[in-house]
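K.L.:
For reference, the file query.pdb (PDB, C-alpha atoms, pLDDT in the B column) is included below:
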ATOM      1  CA  MET A  14    -141.133  41.614  15.406  1.00 34.00           C
ATOM      2  CA  VAL A  15    -143.392  39.968  17.946  1.00 35.00           C
ATOM      3  CA  LEU A  16    -144.519  41.095  21.375  1.00 35.00           C
ATOM      4  CA  ALA A  17    -145.723  38.734  24.072  1.00 34.00           C
ATOM      5  CA  SER A  18    -149.390  39.045  24.933  1.00 35.00           C
ATOM      6  CA  THR A  19    -150.545  39.480  28.504  1.00 32.00           C
ATOM      7  CA  GLN A  20    -153.793  37.652  27.674  1.00 38.00           C
ATOM      8  CA  HIS A  21    -152.322  34.231  27.026  1.00 44.00           C
ATOM      9  CA  SER A  22    -148.912  32.840  27.874  1.00 43.00           C
ATOM     10  CA  TYR A  23    -148.491  31.460  24.352  1.00 49.00           C
ATOM     11  CA  SER A  24    -149.970  34.361  22.374  1.00 55.00           C
ATOM     12  CA  GLN A  25    -147.747  36.688  20.395  1.00 63.00           C
ATOM     13  CA  TRP A  26    -148.805  39.913  18.740  1.00 65.00           C
ATOM     14  CA  VAL A  27    -147.479  40.278  15.224  1.00 76.00           C
ATOM     15  CA  LYS A  28    -146.363  43.840  14.531  1.00 72.00           C
ATOM     16  CA  PHE A  29    -147.167  45.377  11.159  1.00 76.00           C
ATOM     17  CA  LYS A  30    -148.109  48.705   9.626  1.00 81.00           C
ATOM     18  CA  LYS A  31    -151.884  48.910   9.439  1.00 87.00           C
ATOM     19  CA  LYS A  32    -151.851  50.712   6.092  1.00 90.00           C
ATOM     20  CA  GLU A  33    -149.881  47.846   4.511  1.00 91.00           C
ATOM     21  CA  LEU A  34    -152.537  45.238   5.300  1.00 94.00           C
ATOM     22  CA  ILE A  35    -155.731  47.303   5.096  1.00 94.00           C
ATOM     23  CA  PHE A  36    -156.349  45.707   1.677  1.00 95.00           C
ATOM     24  CA  LEU A  37    -157.286  42.443   3.426  1.00 96.00           C
ATOM     25  CA  ALA A  38    -160.599  43.959   4.523  1.00 96.00           C
ATOM     26  CA  SER A  39    -161.745  44.311   0.908  1.00 96.00           C
ATOM     27  CA  GLU A  40    -160.697  40.840  -0.315  1.00 97.00           C
ATOM     28  CA  GLU A  41    -162.890  37.761  -0.438  1.00 97.00           C
ATOM     29  CA  LYS A  42    -160.054  35.223  -0.667  1.00 98.00           C
ATOM     30  CA  ILE A  43    -156.312  35.215  -0.005  1.00 98.00           C
ATOM     31  CA  ASN A  44    -154.068  32.610  -1.598  1.00 98.00           C
ATOM     32  CA  VAL A  45    -151.712  30.816   0.811  1.00 98.00           C
ATOM     33  CA  VAL A  46    -148.496  29.040  -0.182  1.00 98.00           C
ATOM     34  CA  PHE A  47    -145.822  27.398   1.952  1.00 98.00           C
ATOM     35  CA  THR A  48    -142.081  27.399   1.292  1.00 97.00           C
ATOM     36  CA  TYR A  49    -139.286  25.697   3.225  1.00 97.00           C
ATOM     37  CA  LYS A  50    -136.242  26.767   1.206  1.00 96.00           C
ATOM     38  CA  GLY A  51    -133.280  27.202   3.547  1.00 96.00           C
ATOM     39  CA  VAL A  52    -135.199  26.029   6.624  1.00 97.00           C
ATOM     40  CA  GLU A  53    -132.917  25.268   9.584  1.00 97.00           C
ATOM     41  CA  PHE A  54    -133.379  22.980  12.571  1.00 97.00           C
ATOM     42  CA  ASN A  55    -132.492  22.971  16.260  1.00 93.00           C
ATOM     43  CA  GLY A  56    -130.134  25.225  18.171  1.00 87.00           C
ATOM     44  CA  ASP A  57    -127.228  24.447  15.855  1.00 91.00           C
ATOM     45  CA  ASN A  58    -129.223  25.435  12.742  1.00 94.00           C
ATOM     46  CA  LEU A  59    -128.883  22.165  10.851  1.00 96.00           C
ATOM     47  CA  SER A  60    -129.909  21.967   7.209  1.00 97.00           C
ATOM     48  CA  GLU A  61    -132.992  19.881   6.472  1.00 97.00           C
ATOM     49  CA  THR A  62    -130.938  17.082   4.885  1.00 97.00           C
ATOM     50  CA  THR A  63    -128.538  16.902   7.830  1.00 97.00           C
ATOM     51  CA  PHE A  64    -131.409  17.026  10.317  1.00 96.00           C
ATOM     52  CA  LEU A  65    -133.401  14.245   8.608  1.00 97.00           C
ATOM     53  CA  ASN A  66    -130.312  12.053   8.293  1.00 96.00           C
ATOM     54  CA  HIS A  67    -129.554  12.593  11.986  1.00 95.00           C
ATOM     55  CA  ILE A  68    -133.084  11.640  13.069  1.00 95.00           C
ATOM     56  CA  ALA A  69    -133.188   8.660  10.699  1.00 96.00           C
ATOM     57  CA  SER A  70    -129.912   7.329  12.100  1.00 96.00           C
ATOM     58  CA  LYS A  71    -131.211   7.681  15.680  1.00 93.00           C
ATOM     59  CA  ILE A  72    -134.423   5.828  14.837  1.00 94.00           C
ATOM     60  CA  THR A  73    -132.456   3.112  13.030  1.00 95.00           C
ATOM     61  CA  LYS A  74    -130.130   2.722  16.011  1.00 94.00           C
ATOM     62  CA  HIS A  75    -132.944   2.371  18.573  1.00 91.00           C
ATOM     63  CA  GLN A  76    -135.524   0.619  16.374  1.00 91.00           C
ATOM     64  CA  ASP A  77    -134.802  -0.238  12.740  1.00 91.00           C
ATOM     65  CA  THR A  78    -134.430   1.195   9.238  1.00 95.00           C
ATOM     66  CA  SER A  79    -138.073   0.632   8.264  1.00 95.00           C
ATOM     67  CA  GLU A  80    -139.226   2.774  11.204  1.00 93.00           C
ATOM     68  CA  ALA A  81    -136.793   5.504  10.146  1.00 95.00           C
ATOM     69  CA  VAL A  82    -138.193   5.416   6.606  1.00 96.00           C
ATOM     70  CA  LYS A  83    -141.769   5.566   7.929  1.00 96.00           C
ATOM     71  CA  TRP A  84    -141.038   8.584  10.128  1.00 95.00           C
ATOM     72  CA  THR A  85    -139.281  10.436   7.303  1.00 97.00           C
ATOM     73  CA  HIS A  86    -142.262   9.746   5.031  1.00 97.00           C
ATOM     74  CA  ARG A  87    -144.655  11.042   7.693  1.00 96.00           C
ATOM     75  CA  TYR A  88    -142.491  14.160   8.112  1.00 97.00           C
ATOM     76  CA  ARG A  89    -142.722  14.881   4.363  1.00 97.00           C
ATOM     77  CA  GLN A  90    -146.510  14.366   4.418  1.00 97.00           C
ATOM     78  CA  HIS A  91    -146.880  16.817   7.302  1.00 97.00           C
ATOM     79  CA  LYS A  92    -144.632  19.317   5.574  1.00 97.00           C
ATOM     80  CA  VAL A  93    -146.609  19.458   2.317  1.00 97.00           C
ATOM     81  CA  LYS A  94    -150.130  18.716   3.574  1.00 97.00           C
ATOM     82  CA  HIS A  95    -150.906  18.582   7.285  1.00 97.00           C
ATOM     83  CA  TRP A  96    -148.999  21.650   8.531  1.00 98.00           C
ATOM     84  CA  PRO A  97    -150.267  23.984   5.776  1.00 98.00           C
ATOM     85  CA  GLU A  98    -153.831  22.724   6.305  1.00 98.00           C
ATOM     86  CA  ALA A  99    -153.543  23.195  10.077  1.00 98.00           C
ATOM     87  CA  PHE A 100    -152.203  26.749   9.616  1.00 98.00           C
ATOM     88  CA  VAL A 101    -154.987  27.794   7.222  1.00 98.00           C
ATOM     89  CA  SER A 102    -157.711  26.165   9.321  1.00 98.00           C
ATOM     90  CA  SER A 103    -156.531  27.906  12.491  1.00 97.00           C
ATOM     91  CA  LEU A 104    -156.166  31.271  10.728  1.00 97.00           C
ATOM     92  CA  ASN A 105    -159.670  31.104   9.226  1.00 98.00           C
ATOM     93  CA  LYS A 106    -161.154  30.073  12.567  1.00 98.00           C
ATOM     94  CA  THR A 107    -159.446  33.000  14.313  1.00 96.00           C
ATOM     95  CA  VAL A 108    -160.511  35.684  11.804  1.00 97.00           C
ATOM     96  CA  ALA A 109    -164.039  34.308  11.239  1.00 97.00           C
ATOM     97  CA  PRO A 110    -165.693  36.607  13.842  1.00 96.00           C
ATOM     98  CA  TYR A 111    -164.288  39.743  12.191  1.00 96.00           C
ATOM     99  CA  LYS A 112    -166.675  41.733  10.017  1.00 95.00           C
ATOM    100  CA  HIS A 113    -164.321  42.116   7.019  1.00 96.00           C
ATOM    101  CA  ALA A 114    -162.391  38.843   7.181  1.00 97.00           C
ATOM    102  CA  PRO A 115    -161.301  37.180   3.932  1.00 97.00           C
ATOM    103  CA  THR A 116    -161.019  33.411   3.608  1.00 98.00           C
ATOM    104  CA  PHE A 117    -157.458  32.092   3.403  1.00 98.00           C
ATOM    105  CA  VAL A 118    -157.203  29.257   0.880  1.00 98.00           C
ATOM    106  CA  LEU A 119    -154.266  27.020  -0.005  1.00 98.00           C
ATOM    107  CA  ASP A 120    -153.202  27.319  -3.655  1.00 94.00           C
ATOM    108  CA  GLU A 121    -156.031  29.670  -4.655  1.00 96.00           C
ATOM    109  CA  LYS A 122    -154.295  31.072  -7.723  1.00 91.00           C
ATOM    110  CA  ASN A 123    -157.243  33.302  -8.706  1.00 95.00           C
ATOM    111  CA  ALA A 124    -156.936  35.378  -5.534  1.00 97.00           C
ATOM    112  CA  ARG A 125    -155.525  38.879  -6.037  1.00 97.00           C
ATOM    113  CA  TYR A 126    -153.161  38.555  -3.080  1.00 98.00           C
ATOM    114  CA  THR A 127    -150.983  35.752  -1.768  1.00 98.00           C
ATOM    115  CA  LEU A 128    -149.678  35.026   1.708  1.00 98.00           C
ATOM    116  CA  GLU A 129    -146.396  33.131   1.519  1.00 98.00           C
ATOM    117  CA  VAL A 130    -145.508  31.314   4.728  1.00 98.00           C
ATOM    118  CA  LYS A 131    -141.737  30.935   4.667  1.00 98.00           C
ATOM    119  CA  VAL A 132    -140.700  28.413   7.288  1.00 98.00           C
ATOM    120  CA  ARG A 133    -137.330  29.595   8.622  1.00 97.00           C
ATOM    121  CA  TRP A 134    -136.564  27.497  11.707  1.00 97.00           C
ATOM    122  CA  MET A 135    -137.984  24.458  13.480  1.00 96.00           C
ATOM    123  CA  TYR A 136    -137.269  22.804  16.811  1.00 95.00           C
ATOM    124  CA  PHE A 137    -139.292  19.715  17.679  1.00 92.00           C
ATOM    125  CA  GLY A 138    -138.767  19.766  21.437  1.00 85.00           C
ATOM    126  CA  TYR A 139    -139.058  16.669  23.623  1.00 74.00           C
ATOM    127  CA  ASP A 140    -141.130  15.159  26.395  1.00 64.00           C
ATOM    128  CA  ILE A 141    -139.478  12.789  28.814  1.00 65.00           C
ATOM    129  CA  LYS A 142    -140.749  11.782  32.228  1.00 64.00           C
ATOM    130  CA  VAL A 143    -138.990  14.486  34.228  1.00 66.00           C
ATOM    131  CA  LEU A 144    -138.566  17.231  31.620  1.00 70.00           C
ATOM    132  CA  ALA A 145    -140.395  18.649  28.604  1.00 73.00           C
ATOM    133  CA  GLN A 146    -139.472  21.249  25.994  1.00 80.00           C
ATOM    134  CA  PRO A 147    -142.181  22.482  23.622  1.00 87.00           C
ATOM    135  CA  ALA A 148    -141.656  22.548  19.887  1.00 92.00           C
ATOM    136  CA  LYS A 149    -140.833  25.970  18.426  1.00 95.00           C
ATOM    137  CA  LEU A 150    -141.276  27.524  15.001  1.00 96.00           C
ATOM    138  CA  THR A 151    -140.095  30.706  13.285  1.00 96.00           C
ATOM    139  CA  THR A 152    -141.892  31.871  10.161  1.00 96.00           C
ATOM    140  CA  GLU A 153    -141.657  34.835   7.825  1.00 96.00           C
ATOM    141  CA  LEU A 154    -145.007  35.908   6.373  1.00 96.00           C
ATOM    142  CA  ILE A 155    -144.950  37.709   3.034  1.00 97.00           C
ATOM    143  CA  PHE A 156    -148.034  39.270   1.466  1.00 97.00           C
ATOM    144  CA  TYR A 157    -147.725  40.023  -2.251  1.00 97.00           C
ATOM    145  CA  ARG A 158    -149.749  40.648  -5.387  1.00 97.00           C
ATOM    146  CA  THR A 159    -150.389  37.261  -6.975  1.00 97.00           C
ATOM    147  CA  ASP A 160    -150.075  38.485 -10.569  1.00 96.00           C
ATOM    148  CA  THR A 161    -146.923  40.612 -10.214  1.00 96.00           C
ATOM    149  CA  SER A 162    -145.259  39.150  -7.076  1.00 96.00           C
ATOM    150  CA  GLN A 163    -144.965  42.743  -5.792  1.00 97.00           C
ATOM    151  CA  ILE A 164    -144.440  42.530  -2.034  1.00 97.00           C
ATOM    152  CA  VAL A 165    -146.977  44.431   0.043  1.00 96.00           C
ATOM    153  CA  SER A 166    -145.812  43.512   3.552  1.00 96.00           C
ATOM    154  CA  LYS A 167    -143.331  41.289   5.396  1.00 95.00           C
ATOM    155  CA  LEU A 168    -143.937  40.034   8.936  1.00 93.00           C
ATOM    156  CA  GLU A 169    -142.145  37.597  11.193  1.00 92.00           C
ATOM    157  CA  ILE A 170    -143.299  35.376  14.031  1.00 92.00           C
ATOM    158  CA  GLU A 171    -140.336  34.162  16.074  1.00 92.00           C
ATOM    159  CA  LYS A 172    -140.245  30.954  18.081  1.00 90.00           C
ATOM    160  CA  THR A 173    -143.941  30.206  18.357  1.00 92.00           C
ATOM    161  CA  LYS A 174    -144.312  27.535  21.048  1.00 89.00           C
ATOM    162  CA  GLY A 175    -146.405  24.440  20.533  1.00 85.00           C
ATOM    163  CA  LEU A 176    -147.800  22.003  23.061  1.00 77.00           C
ATOM    164  CA  SER A 177    -145.560  19.185  24.260  1.00 69.00           C
ATOM    165  CA  THR A 178    -146.921  15.918  22.898  1.00 66.00           C
ATOM    166  CA  LYS A 179    -145.350  12.542  23.513  1.00 67.00           C
ATOM    167  CA  GLU A 180    -143.803  10.531  20.706  1.00 65.00           C
ATOM    168  CA  ASP A 181    -142.058   7.180  20.913  1.00 68.00           C
ATOM    169  CA  PHE A 182    -138.363   7.904  21.440  1.00 71.00           C
ATOM    170  CA  PRO A 183    -136.339   8.599  19.310  1.00 77.00           C
ATOM    171  CA  LYS A 184    -139.084   9.737  16.945  1.00 84.00           C
ATOM    172  CA  LEU A 185    -140.000  13.408  17.110  1.00 88.00           C
ATOM    173  CA  SER A 186    -143.558  14.634  17.545  1.00 88.00           C
ATOM    174  CA  LEU A 187    -144.949  15.850  14.244  1.00 92.00           C
ATOM    175  CA  LYS A 188    -148.178  16.722  16.069  1.00 91.00           C
ATOM    176  CA  SER A 189    -146.348  19.087  18.401  1.00 91.00           C
ATOM    177  CA  MET A 190    -144.924  20.935  15.394  1.00 95.00           C
ATOM    178  CA  GLU A 191    -148.399  21.031  13.858  1.00 95.00           C
ATOM    179  CA  ASN A 192    -149.560  22.809  16.993  1.00 95.00           C
ATOM    180  CA  CYS A 193    -146.835  25.424  16.411  1.00 96.00           C
ATOM    181  CA  PHE A 194    -148.310  26.145  12.981  1.00 97.00           C
ATOM    182  CA  GLU A 195    -151.793  26.393  14.482  1.00 96.00           C
ATOM    183  CA  ARG A 196    -150.604  28.838  17.117  1.00 95.00           C
ATOM    184  CA  ALA A 197    -148.615  30.927  14.640  1.00 95.00           C
ATOM    185  CA  ALA A 198    -151.783  31.249  12.547  1.00 96.00           C
ATOM    186  CA  GLU A 199    -153.806  32.158  15.625  1.00 95.00           C
ATOM    187  CA  ASN A 200    -151.252  34.817  16.540  1.00 93.00           C
ATOM    188  CA  LEU A 201    -151.505  36.276  13.041  1.00 94.00           C
ATOM    189  CA  GLY A 202    -155.297  36.150  13.115  1.00 95.00           C
ATOM    190  CA  LEU A 203    -155.540  37.886  16.483  1.00 93.00           C
ATOM    191  CA  SER A 204    -153.185  40.607  15.259  1.00 93.00           C
ATOM    192  CA  LEU A 205    -155.193  41.146  12.057  1.00 94.00           C
ATOM    193  CA  LYS A 206    -158.217  42.204  14.094  1.00 93.00           C
ATOM    194  CA  LYS A 207    -157.190  45.849  13.800  1.00 90.00           C
ATOM    195  CA  VAL A 208    -157.611  45.770  10.005  1.00 92.00           C
ATOM    196  CA  LEU A 209    -160.541  43.337   9.757  1.00 95.00           C
ATOM    197  CA  LYS A 210    -162.907  44.250  12.625  1.00 89.00           C
TER     198      LYS A 210
END
Show me, as structure tokens, the structure contained in the file I just sent.
P.N.:
Amino acid sequence: MVLASTQHSYSQWVKFKKKELIFLASEEKINVVFTYKGVEFNGDNLSETTFLNHIASKITKHQDTSEAVKWTHRYRQHKVKHWPEAFVSSLNKTVAPYKHAPTFVLDEKNARYTLEVKVRWMYFGYDIKVLAQPAKLTTELIFYRTDTSQIVSKLEIEKTKGLSTKEDFPKLSLKSMENCFERAAENLGLSLKKVLK
């Protein structure tokens, strides 16, 4: 569950039990993995395949098939590389001032604990001349023992808002979604202060 912060209109405090995450203060590194299994899109909760086909057909209609293929390729690159890197970078930057902060590292299999970022829902928003809707992202965050997969804590960040960034219609802004991941990580990092300070 997430509560809105009074400090920043986009900040969200991530609720968790302090005793469940106190272990973070004694760790040097935390492994981070991303999963998208069952991710849904937009208000009508489209599957990823249906969503990508829908966007590809719109791009083909207004531009051409090669542009649709390029956008889909860029989406897949962001999904496996750019969004995870943006999340980890933002999280490390946010927790860096804390006295007992670990470093979060993608695919660090030697770390004793893993943070799994399960991407549940994505909405890319839009930005037209008279109206803009920010991208939104819902993630489930699962901390577990790397060697046994024993779950230590489950958290959720619902509908993190990103900045509205323009993209050539009908392409969707991958950068705006990247900002959602950055903000979700920042929200987590700010909330972890109570166990890492």
K.L.:
I'd like the residues picked by the PyMOL selection byres ((chain A and resi 104-114) around 6) written out as a list in words, using the chain letters and numbers from the file.
P.N.:
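Output of the PyMOL selection byres ((chain A and resi 104-114) around 6): Ala38, Val101, Ser102, Ser103, Pro115, Ala198, Glu199, Gly202, Leu209 and Lys210 of chain A.
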K.L.:
Rank A:Pro183, A:Glu33, A:Thr159, A:Glu153 by their smallest atom-to-atom distance to Thr73 (chain A), using only C-alpha atoms, and report the top residue only.
P.N.:
A:Pro183
K.L.:
Measuring between all atoms listed in the file, which one of A:Ser60, A:Asn55, A:Thr78, A:Thr48 shows the shortest distance to Pro97 (chain A)?
P.N.:
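Looking at the shortest contact to Pro97 (chain A), the residue is A:Thr48.
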K.L.:
Do you know which residues are at most 6 Å from Val45 (chain A) counting only C-alpha atoms, after dropping those on the same chain fewer than 5 positions away, and could you put them as a list of chain:residue names?
P.N.:
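Here the qualifying residues turn out to be A:Val118, A:Leu119, A:Asp120, A:Thr127, A:Leu128, A:Glu129.
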K.L.:
Could the residues in this selection be written to a file with C-alpha atoms, as an mmCIF file, in the coordinates of the input?
P.N.:
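File written: again02.cif
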data_model
loop_
_atom_site.group_PDB
_atom_site.id
_atom_site.type_symbol
_atom_site.label_atom_id
_atom_site.label_comp_id
_atom_site.auth_asym_id
_atom_site.auth_seq_id
_atom_site.Cartn_x
_atom_site.Cartn_y
_atom_site.Cartn_z
ATOM 1 C CA VAL A 118 -157.203 29.257 0.880
ATOM 2 C CA LEU A 119 -154.266 27.020 -0.005
ATOM 3 C CA ASP A 120 -153.202 27.319 -3.655
ATOM 4 C CA THR A 127 -150.983 35.752 -1.768
ATOM 5 C CA LEU A 128 -149.678 35.026 1.708
ATOM 6 C CA GLU A 129 -146.396 33.131 1.519
#
K.L.:
Can you turn the PyMOL selection byres ((chain A and resi 51) around 12) into a concrete residue list for this file, as an MDAnalysis selection string?
P.N.:
chainID A and resid 48:50 52:54 58:62 131:135 152
K.L.:
Would you compute the distance between CA of Ile164 (chain A) and CA of Lys149 (chain A)? Give it in Å to one decimal.
P.N.:
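Answer for the CA of Ile164 (chain A) to CA of Lys149 (chain A) separation: 26.6 Å.
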K.L.:
Quick one: residues within 12 Å of Arg158 (chain A), all atoms listed in the file counted, chain neighbours fewer than 3 positions away excluded, as a ChimeraX atom specification?
P.N.:
/A:34,36-37,43-45,122-129,155,161-166
K.L.:
I'd like to know which of A:Phe47, A:Phe64, A:Phe194, A:Phe100 is closest to Lys172 (chain A), using only C-alpha atoms.
P.N.:
A:Phe194
K.L.:
Expanded to explicit residues, what is the PyMOL selection byres ((chain A and resi 80-95) around 9) for this file, as a PyMOL selection string?
P.N.:
chain A and resi 47+49+65+68-73+76-79+96-100+184-185+187-188+191
